[in-house]
Amino acid sequence: MVTDNKPSLVTINVDGVEHQVAAGANLVDALAKIGKEVPHYCYHPKLPVAGNCRMCLVELGSPMRDRATNELVTENGKAKIGWQPKPAIACATNVSPGLHVRLESPTVKACREGVTEMLLLNHPLDCPICDQAGECKLQEFSAEYGRGYSRYVDEKNAKPKKTRLGPRVTLDDERCILCSRCVRFSSEIAKDPVLGFVNRGSFNTLTCFPGRELDNNYSLNTVDICPVGALTSTDFRFKMRVWFLKQTPSIDTESSAGANTTVWSREGKIYRITPRQNDAVNDTWMADSGRELYKSVEAANRVTFATVKNAQATVEAAFAAAADALSAGALAIVGSSHMSVEEQRLLARLAQAKHASVYIPAHVGKGDGLLVSEDRTPNFRGALVTGLTDRAPIADLKALAADIDAGKVKSVLIVREDAAMLGLPASTLAKVRSVVLATHHNVTTAAAEVVLPALTVFERSGSFINCQFRLQAFAQAVPGPTGVLPDALVLARLAGADAATVWSELSANVATLAGLDGRLLPAEGVQLDGAAFASHKFPEGKLLKFAPAVNA
């Protein structure tokens with residue numbers, strides 16, 4: 001049975017013009033979809049309605065009916081509209097058939113001007129130095145809907161500045177407009193009800209409960225949704241003006257949840273990472289831990305050039321040495337779930353050509369039931385789909401170490417894994433010819449015969465398949481170290497393949513990816529059919545709260 005999930009439409013009248021909108025939708029959202037802005041501060045589509053700010057006041061009316069007959073009352077051949085005696089908040093109004101709305105009436109304009117004037121009574125006029133400049137709704141709405149001047153002549157009530165709410169969030173309380181978005185997020189989404197308001201009137205202040213801090217792993221989402229410059233990221237605070245930054249779509253690689261992110265950079269340097277809305281995956285949220293991953297780009301132990309026997313080598317010399325090492329005899333490949341779909345397919349082709357055994361290590365941690373899953377890699381499903389492996393990830397490499405000691409393996413290729421941390425010590429690795437593709441120096445790179453530099457997720461493009469088998473793309477945000485080739489080109493060179501034809505080959509030969517091109521994916525990704533892999537046991541534990549139940 002096929003069902004149509006499209007919402008039913010109803011007709012509403014906005015300033016005398018009829019529009020078709022989704023039945024039952026929140027009025028603020030419904031009007032936004034037809035190009036009508038309703039200014040608001042406290043309302044957020046992913047949070048419970050509070051009705052704190054009153055900025056979204058509008059006039060509402062509906063067709064009048066005769067109380068005795070329930071027939072429509074007409075006037076001059078048209079339904080007579082009964083207008084509510086007072087303006088109502090749009091954020092607490094759901095669309096109903098025949099609803100009439102006034103957005104531009106003198107009453108509505110006066111309400112907006114009055115609310116704006118009240119919010120600015122004690123608000124500091126420091127927009128040029130405010131960290132929220134360029135993203136501040138109060139600044140935008142004040143210019144658009146405010147009176148343009150202030151009648152307030154008394155001294156402003158100055159609230160505290162630079163107050164620590166937690167290890168990652170700093171509060172400038174004098175800018176807070178008491179919208180309660182942060183309070184509702186902490187209570188309803190993060191399930192950590194640590195924030196609240198104290199005092200009354202002009203002295204009303206946001207604070208943490210006594211003896212508590214805003215220290216949960218989702219605390220920076222309160223900064224994202226703060227409509228003014230009250231809550232700021234301690235890490236990003238006063239680092240860069242947002243209008244100077246380039247935005248690049250990416251994926252949080254700390255787990256298989258696959259939260260969508262935006263990387264903010266300028267002139268090759270990353271300044272922050274924020275969540276990107278994808279209602280099928282992460283709503284509009286992300287974990288704080290995923291926001292710090294960009295710091296690995298400039299880590300002191302980055303691999304920035306190729307080495308052969310611990311001596312710096314040219315790219316060509318390194319490739320020649322790698323090809324020689326990989327042809328020394330029975331080959332074992334240690335792949336990674338941190339590789340992209342494209343890279344995994346190229347590695348699978350190399351493994352097939354060399355008749356190599358493939359090991360995919362597991363990285364497991366405690367899941368939080370939200371956006372950090374137990375599988376701490378972004379693309380193990382990609383390894384299954386691309387044919388790099390057909391079994392669950394292994395706990396360690398002790399079996400490979402035993403094969404090396406027994407002389408069954410003569411050469412090893414390790415991609416994006418520190419084998420020494422997985423049961424393959426340097427002393428064992430020294431017994432075979434070894435090639436390592438890595439982003440950072442570690443015990444494994446120190447023991448390898450050939451080391452080829454790799455790029456971080458921020459320096460290359462590709463796609464991942466998350467824990468619900470959703471194929472999602474990520475794009476290069478900043479350039480990699482000078483002379484470092486993309487991983488796909490390195491693997492294609494080692495496999496004797498063409499990196500440019502990977503997707504045409506995947507589309508033609510992998511049923512799960514038939515007709516797809518990872519370079520042309522929509523922003524929300526593509527949901528794949530994971531039924532063929534239902535028998536695999538994944539280290540997820542339970543489905544994530546924000547994601548639809550596609551594959552258990």
# chains A, B, ... in the order shown; residues from 1 in each chain; ligands from 1
$ residues_around --residues "Pro48 (chain A)" --least-positions-apart "5" --cutoff "9 Å" --atoms "only C-alpha atoms" --output "CSV table (one decimal) with N, CA, C and O atoms, in the first residue's frame"
chain,number,residue,atom,x,y,z
A,43,TYR,N,10.9,32.0,19.7
A,43,TYR,CA,10.4,30.8,19.0
A,43,TYR,C,11.6,30.2,18.3
A,43,TYR,O,12.4,30.8,17.6
A,184,ARG,N,15.3,26.0,27.4
A,184,ARG,CA,14.5,24.9,26.9
A,184,ARG,C,15.3,23.9,26.2
A,184,ARG,O,15.0,22.7,26.2
A,185,PHE,N,16.4,24.3,25.5
A,185,PHE,CA,17.2,23.3,24.8
A,185,PHE,C,17.9,22.4,25.9
A,185,PHE,O,17.9,21.2,25.7
A,188,GLU,N,14.9,20.2,27.4
A,188,GLU,CA,14.1,19.3,26.5
A,188,GLU,C,15.0,18.5,25.6
A,188,GLU,O,14.6,17.3,25.2
$ residues_around --residues "Val95 (chain A)" --least-positions-apart "3" --cutoff "10 Å" --atoms "only C-alpha atoms" --output "number ranges by chain"
A: 9-12, 21-31, 90, 98-100
$ closest_residue --among "A:Val153, A:Ala79, A:Ala257, A:Leu57" --to "Ala92 (chain A)" --atoms "only C-alpha atoms"
A:Leu57
$ residues_around --residues "region 101-105 of chain A" --least-positions-apart "3" --cutoff "8 Å" --atoms "only C-alpha atoms" --output "list of chain:residue names"
A:Ile12, A:Asn13, A:Val14, A:Asp15, A:Val38, A:Val58, A:Glu59, A:Leu60, A:Gly61, A:Val108, A:Lys109
$ residues_around --residues "region 428-441 of chain A" --least-positions-apart "4" --cutoff "8 Å" --atoms "only C-alpha atoms" --output "ChimeraX atom specification"
/A:301-304,322,325-326,328,401,404-405,409-417,424,445-456
$ residues_around --residues "region 480-495 of chain A" --least-positions-apart "4" --cutoff "7 Å" --atoms "only C-alpha atoms" --output "list in words"
Thr304, Phe305, Ala323, Glu342, Glu343, Leu346, Leu347, Arg349, Leu350, Pro453, Ala454, Leu455, Glu459, Arg460 and Ala499 of chain A
$ select_by_dssp --residues "region 135-278 of chain A" --states "strand (DSSP E or B)" --output "PyMOL selection string"
chain A and resi 163-164+169-171+195-198+205-208+231-233+246-251+260-266+269-275+278
$ write_last_selection --atoms "N, CA, C and O atoms" --output "tab-separated table (two decimals), in the first residue's frame"
chain	number	residue	atom	x	y	z
A	163	THR	N	30.63	36.13	32.00
A	163	THR	CA	30.35	35.17	33.06
A	163	THR	C	30.54	33.75	32.54
A	163	THR	O	29.99	33.40	31.49
A	164	ARG	N	31.27	32.94	33.25
A	164	ARG	CA	31.48	31.55	32.85
A	164	ARG	C	30.24	30.73	33.21
A	164	ARG	O	29.86	30.63	34.37
A	169	VAL	N	31.18	27.75	27.27
A	169	VAL	CA	30.19	28.80	27.04
A	169	VAL	C	30.42	29.97	27.99
A	169	VAL	O	30.54	29.78	29.20
A	170	THR	N	30.47	31.18	27.41
A	170	THR	CA	30.62	32.41	28.18
A	170	THR	C	29.38	33.27	27.99
A	170	THR	O	28.89	33.43	26.87
A	171	LEU	N	28.88	33.85	29.08
A	171	LEU	CA	27.66	34.67	29.06
A	171	LEU	C	27.98	36.15	29.23
A	171	LEU	O	28.66	36.53	30.18
A	195	LEU	N	20.03	25.24	33.41
A	195	LEU	CA	19.90	26.69	33.26
A	195	LEU	C	18.54	27.18	33.75
A	195	LEU	O	17.53	26.47	33.69
A	196	GLY	N	18.51	28.42	34.22
A	196	GLY	CA	17.25	29.04	34.64
A	196	GLY	C	17.45	30.52	34.88
A	196	GLY	O	18.57	31.05	34.79
A	197	PHE	N	16.34	31.21	35.18
A	197	PHE	CA	16.38	32.64	35.44
A	197	PHE	C	16.19	32.90	36.94
A	197	PHE	O	15.44	32.19	37.61
A	198	VAL	N	16.89	33.91	37.42
A	198	VAL	CA	16.73	34.34	38.82
A	198	VAL	C	16.45	35.84	38.84
A	198	VAL	O	16.67	36.55	37.85
A	205	THR	N	18.08	37.48	35.49
A	205	THR	CA	19.40	37.05	35.02
A	205	THR	C	19.42	35.56	34.74
A	205	THR	O	18.85	34.76	35.49
A	206	LEU	N	20.10	35.18	33.66
A	206	LEU	CA	20.32	33.78	33.33
A	206	LEU	C	21.47	33.24	34.17
A	206	LEU	O	22.51	33.90	34.30
A	207	THR	N	21.30	32.06	34.71
A	207	THR	CA	22.37	31.47	35.51
A	207	THR	C	22.21	29.95	35.55
A	207	THR	O	21.21	29.41	35.08
A	208	CYS	N	23.20	29.28	36.10
A	208	CYS	CA	23.14	27.83	36.33
A	208	CYS	C	22.61	27.57	37.74
A	208	CYS	O	22.75	28.40	38.63
A	231	LEU	N	25.09	34.49	24.71
A	231	LEU	CA	25.86	33.27	24.86
A	231	LEU	C	26.89	33.19	23.74
A	231	LEU	O	26.54	33.26	22.55
A	232	THR	N	28.14	33.03	24.11
A	232	THR	CA	29.21	32.98	23.12
A	232	THR	C	30.09	31.77	23.37
A	232	THR	O	30.22	31.29	24.50
A	233	SER	N	30.71	31.28	22.29
A	233	SER	CA	31.66	30.18	22.39
A	233	SER	C	32.98	30.72	22.93
A	233	SER	O	33.57	31.63	22.35
A	246	LYS	N	34.32	31.74	5.15
A	246	LYS	CA	33.72	30.90	4.11
A	246	LYS	C	33.06	29.71	4.77
A	246	LYS	O	33.61	29.11	5.69
A	247	GLN	N	31.88	29.35	4.31
A	247	GLN	CA	31.15	28.22	4.87
A	247	GLN	C	31.22	27.01	3.93
A	247	GLN	O	30.93	27.14	2.74
A	248	THR	N	31.58	25.86	4.48
A	248	THR	CA	31.72	24.64	3.69
A	248	THR	C	30.94	23.52	4.35
A	248	THR	O	31.12	23.26	5.55
A	249	PRO	N	30.09	22.81	3.62
A	249	PRO	CA	29.34	21.70	4.21
A	249	PRO	C	30.25	20.51	4.49
A	249	PRO	O	31.08	20.14	3.67
A	250	SER	N	30.08	19.91	5.66
A	250	SER	CA	30.91	18.76	6.03
A	250	SER	C	30.11	17.81	6.91
A	250	SER	O	28.90	17.98	7.10
A	251	ILE	N	30.79	16.80	7.44
A	251	ILE	CA	30.18	15.76	8.27
A	251	ILE	C	31.01	15.59	9.54
A	251	ILE	O	32.24	15.57	9.48
A	260	ASN	N	25.40	16.55	10.28
A	260	ASN	CA	25.78	17.49	9.25
A	260	ASN	C	26.36	18.76	9.88
A	260	ASN	O	25.80	19.27	10.86
A	261	THR	N	27.44	19.26	9.34
A	261	THR	CA	28.12	20.41	9.93
A	261	THR	C	28.46	21.45	8.86
A	261	THR	O	28.43	21.18	7.67
A	262	THR	N	28.80	22.63	9.34
A	262	THR	CA	29.34	23.69	8.50
A	262	THR	C	30.70	24.09	9.04
A	262	THR	O	30.83	24.37	10.24
A	263	VAL	N	31.69	24.08	8.18
A	263	VAL	CA	33.05	24.47	8.56
A	263	VAL	C	33.27	25.92	8.14
A	263	VAL	O	33.08	26.27	6.98
A	264	TRP	N	33.65	26.76	9.09
A	264	TRP	CA	33.85	28.19	8.85
A	264	TRP	C	35.35	28.47	8.78
A	264	TRP	O	36.07	28.23	9.74
A	265	SER	N	35.82	28.97	7.64
A	265	SER	CA	37.26	29.15	7.45
A	265	SER	C	37.56	30.46	6.74
A	265	SER	O	36.69	31.06	6.09
A	266	ARG	N	38.80	30.87	6.84
A	266	ARG	CA	39.28	32.04	6.10
A	266	ARG	C	40.75	31.87	5.78
A	266	ARG	O	41.55	31.55	6.66
A	269	LYS	N	42.49	28.74	7.04
A	269	LYS	CA	42.47	28.45	8.47
A	269	LYS	C	41.04	28.28	8.94
A	269	LYS	O	40.17	29.11	8.63
A	270	ILE	N	40.77	27.21	9.69
A	270	ILE	CA	39.44	26.94	10.21
A	270	ILE	C	39.28	27.62	11.57
A	270	ILE	O	40.17	27.53	12.43
A	271	TYR	N	38.14	28.29	11.75
A	271	TYR	CA	37.90	29.01	13.00
A	271	TYR	C	36.82	28.37	13.87
A	271	TYR	O	36.84	28.52	15.09
A	272	ARG	N	35.86	27.71	13.24
A	272	ARG	CA	34.83	27.06	14.04
A	272	ARG	C	34.05	26.07	13.19
A	272	ARG	O	34.12	26.09	11.96
A	273	ILE	N	33.31	25.18	13.88
A	273	ILE	CA	32.41	24.24	13.24
A	273	ILE	C	31.05	24.37	13.92
A	273	ILE	O	30.97	24.38	15.16
A	274	THR	N	29.99	24.47	13.13
A	274	THR	CA	28.64	24.56	13.67
A	274	THR	C	27.75	23.52	13.00
A	274	THR	O	28.08	23.01	11.92
A	275	PRO	N	26.61	23.18	13.61
A	275	PRO	CA	25.72	22.19	12.99
A	275	PRO	C	25.01	22.75	11.76
A	275	PRO	O	24.74	23.95	11.67
A	278	ASN	N	19.73	19.07	9.13
A	278	ASN	CA	19.30	17.93	8.34
A	278	ASN	C	18.32	17.15	9.21
A	278	ASN	O	18.73	16.40	10.09
$ residues_around --residues "Val281 (chain A)" --least-positions-apart "2" --cutoff "12 Å" --atoms "only C-alpha atoms" --output "MDAnalysis selection string"
chainID A and resid 251:252 256:261 275:279 283:286 370:372 465:472 523:527 543:550
$ atom_distance --atom1 "CA of Pro425 (chain A)" --atom2 "CA of Ala330 (chain A)"
19.2 Å
$ closest_residue --among "A:Gln132, A:Gln476, A:Ser336, A:Gln20" --to "Gly462 (chain A)" --atoms "only C-alpha atoms"
A:Gln476
$ residues_around --residues "Phe141 (chain A)" --least-positions-apart "2" --cutoff "12 Å" --atoms "only C-alpha atoms" --output "list of chain:residue names"
A:Glu37, A:Val38, A:Pro39, A:His40, A:Tyr41, A:Met55, A:Cys56, A:Arg112, A:Glu113, A:Val115, A:Thr116, A:Glu117, A:Leu119, A:Leu120, A:Glu135, A:Cys136, A:Lys137, A:Leu138, A:Gln139, A:Ala143, A:Glu144, A:Tyr145, A:Gly146, A:Arg147, A:Gly148, A:Pro227, A:Val228
$ closest_residue --among "A:Val334, A:Leu165, A:Val341, A:Ala406" --to "Ile394 (chain A)" --atoms "only C-alpha atoms"
A:Val334
